[in-house]
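So this one's data.csv, CSV, C-alpha atoms:
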chain,number,residue,atom,x,y,z
S,22,MET,CA,321.7,117.3,158.8
S,23,LYS,CA,323.0,117.0,155.2
S,24,ARG,CA,322.1,113.3,155.3
S,25,LEU,CA,318.5,114.2,156.4
S,26,TYR,CA,318.2,116.7,153.5
S,27,PHE,CA,319.6,114.1,151.1
S,28,LEU,CA,317.2,111.4,152.3
S,29,THR,CA,314.2,113.8,152.1
S,30,ALA,CA,315.1,114.8,148.6
S,31,LEU,CA,315.5,111.2,147.6
S,32,LEU,CA,312.1,110.2,148.9
S,33,ILE,CA,310.5,113.1,147.1
S,34,TRP,CA,312.2,112.1,143.9
S,35,VAL,CA,311.2,108.5,144.2
S,36,GLY,CA,307.6,109.4,145.0
S,37,CYS,CA,307.4,111.7,142.0
S,38,LYS,CA,308.9,109.1,139.7
S,39,GLU,CA,306.4,106.5,141.0
S,40,GLN,CA,303.5,108.9,140.3
S,41,LYS,CA,304.9,109.6,136.8
S,42,ASP,CA,305.2,105.9,136.1
S,43,ILE,CA,301.7,105.2,137.3
S,44,LYS,CA,300.4,108.0,135.2
S,45,GLU,CA,302.2,106.9,132.1
S,46,HIS,CA,301.1,103.3,132.6
S,47,THR,CA,297.5,104.3,133.1
S,48,SER,CA,297.6,106.5,130.0
S,49,ALA,CA,299.0,103.7,128.0
S,50,GLU,CA,296.1,101.4,129.1
S,51,VAL,CA,293.4,103.9,128.2
S,52,ARG,CA,295.0,105.2,125.0
S,53,PRO,CA,293.0,103.9,122.0
S,54,ASN,CA,294.8,101.6,119.5
S,55,VAL,CA,294.5,103.6,116.3
S,56,THR,CA,296.5,102.8,113.2
S,57,SER,CA,297.0,105.1,110.3
S,58,ILE,CA,294.8,105.0,107.2
S,59,ALA,CA,297.9,103.8,105.3
S,60,ASP,CA,298.2,100.8,107.7
S,61,LYS,CA,294.5,100.0,107.3
S,62,ILE,CA,294.7,100.1,103.5
S,63,ALA,CA,297.8,98.0,103.5
S,64,ASN,CA,296.1,95.4,105.7
S,65,LEU,CA,293.0,95.3,103.5
S,66,LYS,CA,295.2,94.6,100.4
S,67,ASP,CA,297.3,92.0,102.2
S,68,SER,CA,295.1,88.9,102.5
S,69,LYS,CA,298.0,87.0,104.1
S,70,ASN,CA,298.3,89.4,107.0
S,71,LYS,CA,297.5,87.7,110.3
S,72,GLU,CA,295.8,90.7,111.8
S,73,VAL,CA,292.0,90.5,111.6
S,74,MET,CA,290.1,93.6,110.4
S,75,VAL,CA,287.1,94.8,112.3
S,76,VAL,CA,284.1,96.4,110.4
S,77,ALA,CA,281.4,98.2,112.4
S,78,HIS,CA,277.9,97.6,111.0
S,79,ARG,CA,276.1,100.9,110.6
S,80,GLY,CA,278.7,102.4,112.8
S,81,ASP,CA,278.8,102.1,116.6
S,82,TRP,CA,275.0,102.0,116.7
S,83,ARG,CA,274.7,100.7,120.2
S,84,ASN,CA,276.1,104.0,121.5
S,85,ALA,CA,274.8,106.4,118.9
S,86,PRO,CA,272.1,106.4,116.2
S,87,GLU,CA,272.9,104.1,113.3
S,88,ASN,CA,274.4,105.7,110.3
S,89,SER,CA,275.1,108.9,112.2
S,90,ILE,CA,278.3,111.0,112.3
S,91,GLN,CA,278.7,110.2,116.0
S,92,ALA,CA,278.4,106.5,115.3
S,93,ILE,CA,281.2,106.8,112.7
S,94,GLN,CA,283.3,108.9,115.0
S,95,ASN,CA,283.0,106.4,117.8
S,96,CYS,CA,284.4,103.8,115.5
S,97,ILE,CA,287.4,106.0,114.6
S,98,ASP,CA,288.1,106.7,118.3
S,99,MET,CA,288.1,103.0,119.3
S,100,GLY,CA,290.4,101.9,116.5
S,101,VAL,CA,287.9,100.1,114.2
S,102,ASP,CA,289.3,99.4,110.7
S,103,MET,CA,286.2,100.0,108.6
S,104,VAL,CA,282.7,101.4,109.0
S,105,GLU,CA,279.7,100.1,107.0
S,106,ILE,CA,277.1,102.8,106.1
S,107,ASP,CA,274.0,102.7,103.9
S,108,ILE,CA,273.2,105.1,101.1
S,109,ARG,CA,269.8,106.3,99.8
S,110,GLU,CA,268.9,109.0,97.4
S,111,THR,CA,266.5,111.9,98.2
S,112,LYS,CA,263.7,113.4,96.1
S,113,ASP,CA,266.0,116.1,94.9
S,114,GLY,CA,269.0,113.8,94.1
S,115,HIS,CA,271.1,114.1,97.2
S,116,LEU,CA,272.7,111.1,98.9
S,117,VAL,CA,272.1,110.5,102.6
S,118,LEU,CA,272.9,107.8,105.1
S,119,MET,CA,269.8,105.6,105.7
S,120,HIS,CA,269.4,101.9,105.9
S,121,ASP,CA,265.7,101.5,105.2
S,122,GLU,CA,263.8,102.7,102.2
S,123,THR,CA,261.7,104.6,104.6
S,124,ILE,CA,262.6,106.9,107.5
S,125,ASP,CA,260.0,105.7,109.9
S,126,ARG,CA,262.1,103.4,112.0
S,127,THR,CA,265.2,105.6,112.5
S,128,THR,CA,263.9,109.2,112.4
S,129,THR,CA,261.2,111.4,113.7
S,130,GLY,CA,259.6,111.5,110.3
S,131,LYS,CA,257.6,109.1,108.1
S,132,GLY,CA,257.6,108.1,104.5
S,133,ALA,CA,260.1,107.0,101.8
S,134,VAL,CA,263.5,108.7,101.6
S,135,LYS,CA,262.9,109.4,97.9
S,136,GLU,CA,259.8,111.4,98.9
S,137,TRP,CA,261.7,113.9,101.0
S,138,THR,CA,264.1,116.7,99.9
S,139,LEU,CA,267.4,117.1,101.7
S,140,ASP,CA,266.2,120.4,103.3
S,141,SER,CA,263.1,118.7,104.7
S,142,LEU,CA,265.1,115.8,106.0
S,143,ARG,CA,267.4,118.3,107.8
S,144,THR,CA,264.4,119.2,110.0
S,145,LEU,CA,264.2,115.6,111.5
S,146,ARG,CA,266.1,114.0,114.3
S,147,LEU,CA,267.6,110.5,114.3
S,148,LYS,CA,266.3,108.0,116.9
S,149,ASP,CA,268.5,105.7,118.9
S,150,GLY,CA,268.3,101.9,119.1
S,151,LEU,CA,265.3,102.1,121.4
S,152,GLY,CA,263.4,104.5,119.1
S,153,VAL,CA,264.0,107.6,121.3
S,154,PRO,CA,264.7,110.9,119.4
S,155,THR,CA,268.3,112.3,119.7
S,156,PRO,CA,269.9,115.6,118.9
S,157,HIS,CA,271.6,113.9,115.8
S,158,GLY,CA,270.6,114.7,112.3
S,159,ILE,CA,270.7,112.7,109.1
S,160,PRO,CA,274.1,113.1,107.4
S,161,THR,CA,274.8,113.3,103.8
S,162,LEU,CA,277.3,110.9,102.1
S,163,GLU,CA,279.7,113.9,101.7
S,164,GLU,CA,279.6,114.7,105.4
S,165,ALA,CA,280.2,111.1,106.3
S,166,LEU,CA,283.2,110.8,103.9
S,167,ARG,CA,284.7,114.0,105.1
S,168,THR,CA,284.5,112.6,108.7
S,169,THR,CA,286.2,109.3,107.6
S,170,LYS,CA,288.9,110.9,105.3
S,171,ASP,CA,292.4,109.7,106.2
S,172,LYS,CA,291.0,107.9,109.3
S,173,ILE,CA,289.0,104.8,108.6
S,174,LEU,CA,287.9,102.6,105.7
S,175,VAL,CA,284.3,102.8,104.5
S,176,ASN,CA,282.0,100.1,103.1
S,177,LEU,CA,279.1,101.7,101.1
S,178,ASP,CA,276.1,99.4,101.3
S,179,LYS,CA,272.9,99.9,99.3
S,180,SER,CA,275.1,101.9,96.9
S,181,TYR,CA,275.4,99.6,93.9
S,182,PRO,CA,272.4,100.9,91.9
S,183,ILE,CA,273.4,104.5,92.5
S,184,PHE,CA,277.1,104.2,92.5
S,185,ASP,CA,277.6,106.6,89.6
S,186,LYS,CA,276.4,109.3,91.9
S,187,CYS,CA,278.3,107.9,94.9
S,188,PHE,CA,281.5,107.8,92.9
S,189,GLN,CA,281.4,111.5,92.1
S,190,ILE,CA,281.2,112.3,95.9
S,191,VAL,CA,283.8,109.7,96.8
S,192,LYS,CA,286.1,111.3,94.1
S,193,MET,CA,285.3,114.8,95.3
S,194,THR,CA,286.2,114.0,98.9
S,195,GLY,CA,289.4,112.3,98.0
S,196,THR,CA,288.5,109.0,99.6
S,197,LEU,CA,288.7,106.6,96.6
S,198,ASP,CA,291.4,104.5,98.3
S,199,GLN,CA,289.2,104.2,101.4
S,200,VAL,CA,285.9,103.0,99.9
S,201,ILE,CA,284.7,99.5,99.2
S,202,ILE,CA,281.4,98.7,97.4
S,203,LYS,CA,279.9,95.3,97.1
S,204,GLY,CA,277.2,93.4,95.3
S,205,THR,CA,275.7,89.9,94.7
S,206,LYS,CA,276.7,89.9,91.1
S,207,THR,CA,278.8,87.6,88.9
S,208,ARG,CA,282.0,89.0,87.4
S,209,ALA,CA,280.4,89.3,84.0
S,210,GLU,CA,277.5,91.3,85.4
S,211,VAL,CA,279.7,93.6,87.4
S,212,GLU,CA,282.0,94.3,84.5
S,213,GLN,CA,279.0,95.1,82.3
S,214,GLU,CA,277.2,97.3,84.8
S,215,PHE,CA,280.1,98.8,86.7
S,216,GLY,CA,283.1,98.4,84.4
S,217,ALA,CA,284.0,102.2,84.3
S,218,TYR,CA,284.7,102.2,88.1
S,219,LEU,CA,286.3,98.8,88.8
S,220,ASP,CA,289.9,100.0,88.4
S,221,GLN,CA,289.3,103.1,90.6
S,222,VAL,CA,287.6,101.6,93.7
S,223,TYR,CA,287.6,98.4,95.7
S,224,PHE,CA,284.8,96.0,94.7
S,225,MET,CA,283.8,93.0,96.9
S,226,PRO,CA,281.5,90.2,95.6
S,227,VAL,CA,278.9,88.9,98.1
S,228,ILE,CA,278.8,85.1,98.0
S,229,ARG,CA,276.2,82.8,99.6
S,230,LEU,CA,278.0,79.5,100.2
S,231,LYS,CA,276.0,76.8,98.3
S,232,ASN,CA,276.4,74.5,95.3
S,233,GLY,CA,278.0,76.4,92.4
S,234,SER,CA,279.3,79.3,94.5
S,235,ASP,CA,282.9,78.1,94.2
S,236,GLN,CA,282.6,78.6,90.4
S,237,ILE,CA,281.7,82.2,90.9
S,238,VAL,CA,284.6,82.7,93.3
S,239,SER,CA,287.1,80.9,90.9
S,240,ASP,CA,286.0,83.1,88.0
S,241,TYR,CA,286.6,86.3,90.0
S,242,ILE,CA,290.0,85.1,91.2
S,243,LYS,CA,291.1,84.1,87.7
S,244,HIS,CA,289.9,87.2,85.8
S,245,ARG,CA,289.4,90.0,88.3
S,246,LYS,CA,290.7,89.3,91.7
S,247,PRO,CA,288.7,91.3,94.3
S,248,VAL,CA,290.3,92.7,97.4
S,249,ALA,CA,288.0,90.5,99.4
S,250,PHE,CA,284.9,88.2,99.2
S,251,GLU,CA,282.0,88.6,101.6
S,252,PHE,CA,280.7,85.1,102.4
S,253,ILE,CA,277.3,84.2,103.9
S,254,VAL,CA,277.8,81.1,105.9
S,255,THR,CA,274.5,79.5,106.9
S,256,LYS,CA,276.0,76.4,108.5
S,257,ASP,CA,279.3,74.9,109.4
S,258,THR,CA,280.8,73.1,106.5
S,259,LEU,CA,283.6,70.5,106.5
S,260,GLY,CA,286.7,72.0,105.0
S,261,LEU,CA,285.6,75.6,105.4
S,262,ASP,CA,288.9,76.6,107.0
S,263,SER,CA,291.0,75.2,104.1
S,264,TYR,CA,288.7,76.7,101.5
S,265,PHE,CA,289.0,80.2,103.0
S,266,ASN,CA,292.8,79.7,103.5
S,267,GLN,CA,293.2,78.9,99.8
S,268,ILE,CA,291.3,82.1,98.8
S,269,ARG,CA,293.5,84.2,101.1
S,270,LYS,CA,296.6,82.5,99.5
S,271,GLU,CA,295.2,83.6,96.1
S,272,GLY,CA,295.3,87.2,97.3
S,273,SER,CA,291.7,88.0,98.4
S,274,GLY,CA,290.5,88.6,101.9
S,275,VAL,CA,287.7,86.6,103.5
S,276,TRP,CA,284.9,88.7,105.1
S,277,VAL,CA,282.2,87.1,107.2
S,278,ASN,CA,279.4,88.8,109.2
S,279,SER,CA,278.9,88.1,112.9
S,280,LEU,CA,275.7,90.1,113.0
S,281,TRP,CA,273.1,87.3,113.0
S,282,PRO,CA,273.2,83.5,113.4
S,283,ARG,CA,272.2,82.8,109.8
S,284,LEU,CA,275.2,84.7,108.5
S,285,SER,CA,277.9,82.9,110.4
S,286,ALA,CA,276.6,79.4,111.2
S,287,GLY,CA,275.4,80.5,114.6
S,288,HIS,CA,278.6,82.2,115.8
S,289,ASP,CA,277.0,85.6,116.1
S,290,ASP,CA,277.6,88.7,118.3
S,291,GLU,CA,274.8,88.0,120.8
S,292,LYS,CA,276.3,84.6,121.5
S,293,ALA,CA,279.7,86.2,121.8
S,294,ALA,CA,278.3,88.7,124.3
S,295,MET,CA,277.6,85.7,126.6
S,296,ASP,CA,280.9,83.9,125.7
S,297,ILE,CA,283.5,86.0,124.0
S,298,ASN,CA,285.3,82.9,122.8
S,299,THR,CA,282.6,82.5,120.2
S,300,TYR,CA,284.7,84.7,118.0
S,301,GLN,CA,287.4,82.0,118.0
S,302,TRP,CA,285.4,80.3,115.2
S,303,TYR,CA,286.4,83.1,112.8
S,304,ILE,CA,290.1,82.6,113.6
S,305,ASP,CA,289.9,78.8,113.3
S,306,ASN,CA,288.3,79.2,109.8
S,307,ASN,CA,290.9,81.7,108.5
S,308,ILE,CA,288.5,84.6,108.3
S,309,ASP,CA,290.4,87.9,108.3
S,310,ILE,CA,287.6,90.5,108.0
S,311,ILE,CA,284.7,90.5,110.5
S,312,GLN,CA,281.7,92.8,110.3
S,313,THR,CA,280.1,93.1,113.7
S,314,ASP,CA,277.4,94.9,115.7
S,315,ARG,CA,279.7,94.8,118.8
S,316,PRO,CA,283.0,96.4,117.7
S,317,LYS,CA,284.3,97.0,121.2
S,318,LEU,CA,283.8,93.4,122.2
S,319,LEU,CA,285.4,92.0,119.1
S,320,LEU,CA,288.4,94.4,119.4
S,321,GLU,CA,288.8,93.2,123.0
S,322,PHE,CA,288.9,89.6,121.9
S,323,LEU,CA,291.3,90.1,119.0
S,324,ARG,CA,293.7,92.3,121.0
S,325,ASN,CA,293.9,89.7,123.7
S,326,LYS,CA,294.9,87.2,121.0
S,327,ASN,CA,297.4,89.7,119.5
S,328,LEU,CA,295.4,89.7,116.3
S,329,HIS,CA,294.7,93.4,116.3
S,330,ASN,CA,296.9,96.3,117.3

Show me this structure written as structure tokens.
Amino acid sequence: MKRLYFLTALLIWVGCKEQKDIKEHTSAEVRPNVTSIADKIANLKDSKNKEVMVVAHRGDWRNAPENSIQAIQNCIDMGVDMVEIDIRETKDGHLVLMHDETIDRTTTGKGAVKEWTLDSLRTLRLKDGLGVPTPHGIPTLEEALRTTKDKILVNLDKSYPIFDKCFQIVKMTGTLDQVIIKGTKTRAEVEQEFGAYLDQVYFMPVIRLKNGSDQIVSDYIKHRKPVAFEFIVTKDTLGLDSYFNQIRKEGSGVWVNSLWPRLSAGHDDEKAAMDINTYQWYIDNNIDIIQTDRPKLLLEFLRNKNLHN
């Protein structure tokens, strides 16, 4: 009888342990891979790091309206490193998230952003990628930065002409070490127009690869090394991998967009949706920052290659 009790207890214990192991294994599989903001900042500043950074273009816009708080939160939840958002100024001087100069495409209203006050924009709803109105409203830059604070890096696009105003909000929200701005400017132009801020935020030059572009890159590296360069690569070029590798050795990251074929020599997100190994082109060419419209797909590829945590 004692032996029967012992065997029964043993079977119950083994069964419970197996269930616990299965539960823990399942939880480990579904738990998102999210690093701390300190890790993301350290990776951004370390161009020699083998881990590739993922930037979500206008947030996770396939699953929430572009430039919405939900699109940003989705990126945070899935472990994206950086979110790109677009900034526009309203009629009464407030800064809101909006890609276009007008609100026609992405909201239930019409007209230019600069013709609307913030209060009037608050009455509108954002549309999804199919143009269907949603419950989401237009966020301010302050609201967006408070969502990202201590969670994810932020690239402010369309912000260069109004960065004096953006800077005040970035500073107020305590996100200076999380924000990158960019522009298609030479070093001399940037220092003249933007010099007061260059030591307080990350600035990234946007470079279209063509004759003479290497001189602009060399001037930046020699006199004011940026945290990264964003390159527009219209076609595959012999020696691209070694060129990007040298830039990373000099201490600047290399950012390339997978959004459309003309930005990455045809190795874009839609091609990757049919063949995920399309993204291997970025690895082969020593690119360590990729801006994508398919963050979930890119994360899957990189994690399978042990190139993202």

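Computed from the coordinates, the atom CA of Ser234 of chain S to atom CA of Asp314 of chain S distance equals 26.4 Å.
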
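Among the candidates S:Asp171, S:Asp102, S:Glu321, S:Glu72, the one nearest to Ile304 of chain S when counting all atoms listed in the file is S:Glu72.
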
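Between Ile97 of chain S and the candidates S:Lys148, S:Asn64, S:Thr56, S:Asp220, the tightest atom-to-atom separation, counting all atoms listed in the file, involves S:Thr56.
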
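You will find atom CA of Asp81 of chain S at 26.4 Å from atom CA of Ser273 of chain S.
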
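Separating atom CA of Phe188 of chain S from atom CA of Lys172 of chain S is a distance of 19.0 Å.
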
With distances taken over only C-alpha atoms, the candidate from S:Ser141, S:Gln267, S:Asn176, S:Thr196 nearest Met225 of chain S is S:Asn176

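Comparing S:Val75, S:Leu162, S:Val211, S:Ile173 by their smallest distance to Arg324 of chain S, the closest is S:Val75 (using only C-alpha atoms).
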
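Using only C-alpha atoms, the smallest distance between any of S:Glu214, S:Asp296, S:Asp262, S:Asp121 and Arg79 of chain S comes from S:Asp121.
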
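Nearest residue to Asp60 of chain S, choosing from S:Thr138, S:Gln94, S:Gln236, S:Asn330 and counting all atoms listed in the file: S:Asn330.
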
Report as a PyMOL selection string all protein, DNA and RNA residues lying within 12 Å of segment 278-289 of chain S, evaluated on all atoms listed in the file, omitting residues in the same chain fewer than 2 positions from it.
chain S and resi 74-79+105+227-230+250-258+261+275-276+291-304+306+308-316+318-319

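By chain and then residue number, the residues within 12 Å of Met193 of chain S are Leu162, Glu163, Glu164, Leu166, Arg167, Lys170, Lys186, Cys187, Phe188, Gln189, Ile190, Thr196 and Leu197 of chain S, counting all atoms listed in the file and disregarding those fewer than 3 positions away in sequence.
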
Take the point (269.3, 109.6, 120.3) as written in the file and pick out every residue within 12 Å of it, counting only C-alpha atoms; give the list as a JSON list (two decimals) with C-alpha atoms, in the coordinates of the input.
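Everything below was put into result_14.json:
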[["chain", "number", "residue", "atom", "x", "y", "z"],
["S", 82, "TRP", "CA", 275.00, 102.00, 116.70],
["S", 83, "ARG", "CA", 274.70, 100.70, 120.20],
["S", 84, "ASN", "CA", 276.10, 104.00, 121.50],
["S", 85, "ALA", "CA", 274.80, 106.40, 118.90],
["S", 86, "PRO", "CA", 272.10, 106.40, 116.20],
["S", 87, "GLU", "CA", 272.90, 104.10, 113.30],
["S", 88, "ASN", "CA", 274.40, 105.70, 110.30],
["S", 89, "SER", "CA", 275.10, 108.90, 112.20],
["S", 91, "GLN", "CA", 278.70, 110.20, 116.00],
["S", 92, "ALA", "CA", 278.40, 106.50, 115.30],
["S", 127, "THR", "CA", 265.20, 105.60, 112.50],
["S", 128, "THR", "CA", 263.90, 109.20, 112.40],
["S", 129, "THR", "CA", 261.20, 111.40, 113.70],
["S", 145, "LEU", "CA", 264.20, 115.60, 111.50],
["S", 146, "ARG", "CA", 266.10, 114.00, 114.30],
["S", 147, "LEU", "CA", 267.60, 110.50, 114.30],
["S", 148, "LYS", "CA", 266.30, 108.00, 116.90],
["S", 149, "ASP", "CA", 268.50, 105.70, 118.90],
["S", 150, "GLY", "CA", 268.30, 101.90, 119.10],
["S", 151, "LEU", "CA", 265.30, 102.10, 121.40],
["S", 152, "GLY", "CA", 263.40, 104.50, 119.10],
["S", 153, "VAL", "CA", 264.00, 107.60, 121.30],
["S", 154, "PRO", "CA", 264.70, 110.90, 119.40],
["S", 155, "THR", "CA", 268.30, 112.30, 119.70],
["S", 156, "PRO", "CA", 269.90, 115.60, 118.90],
["S", 157, "HIS", "CA", 271.60, 113.90, 115.80],
["S", 158, "GLY", "CA", 270.60, 114.70, 112.30],
["S", 159, "ILE", "CA", 270.70, 112.70, 109.10]]
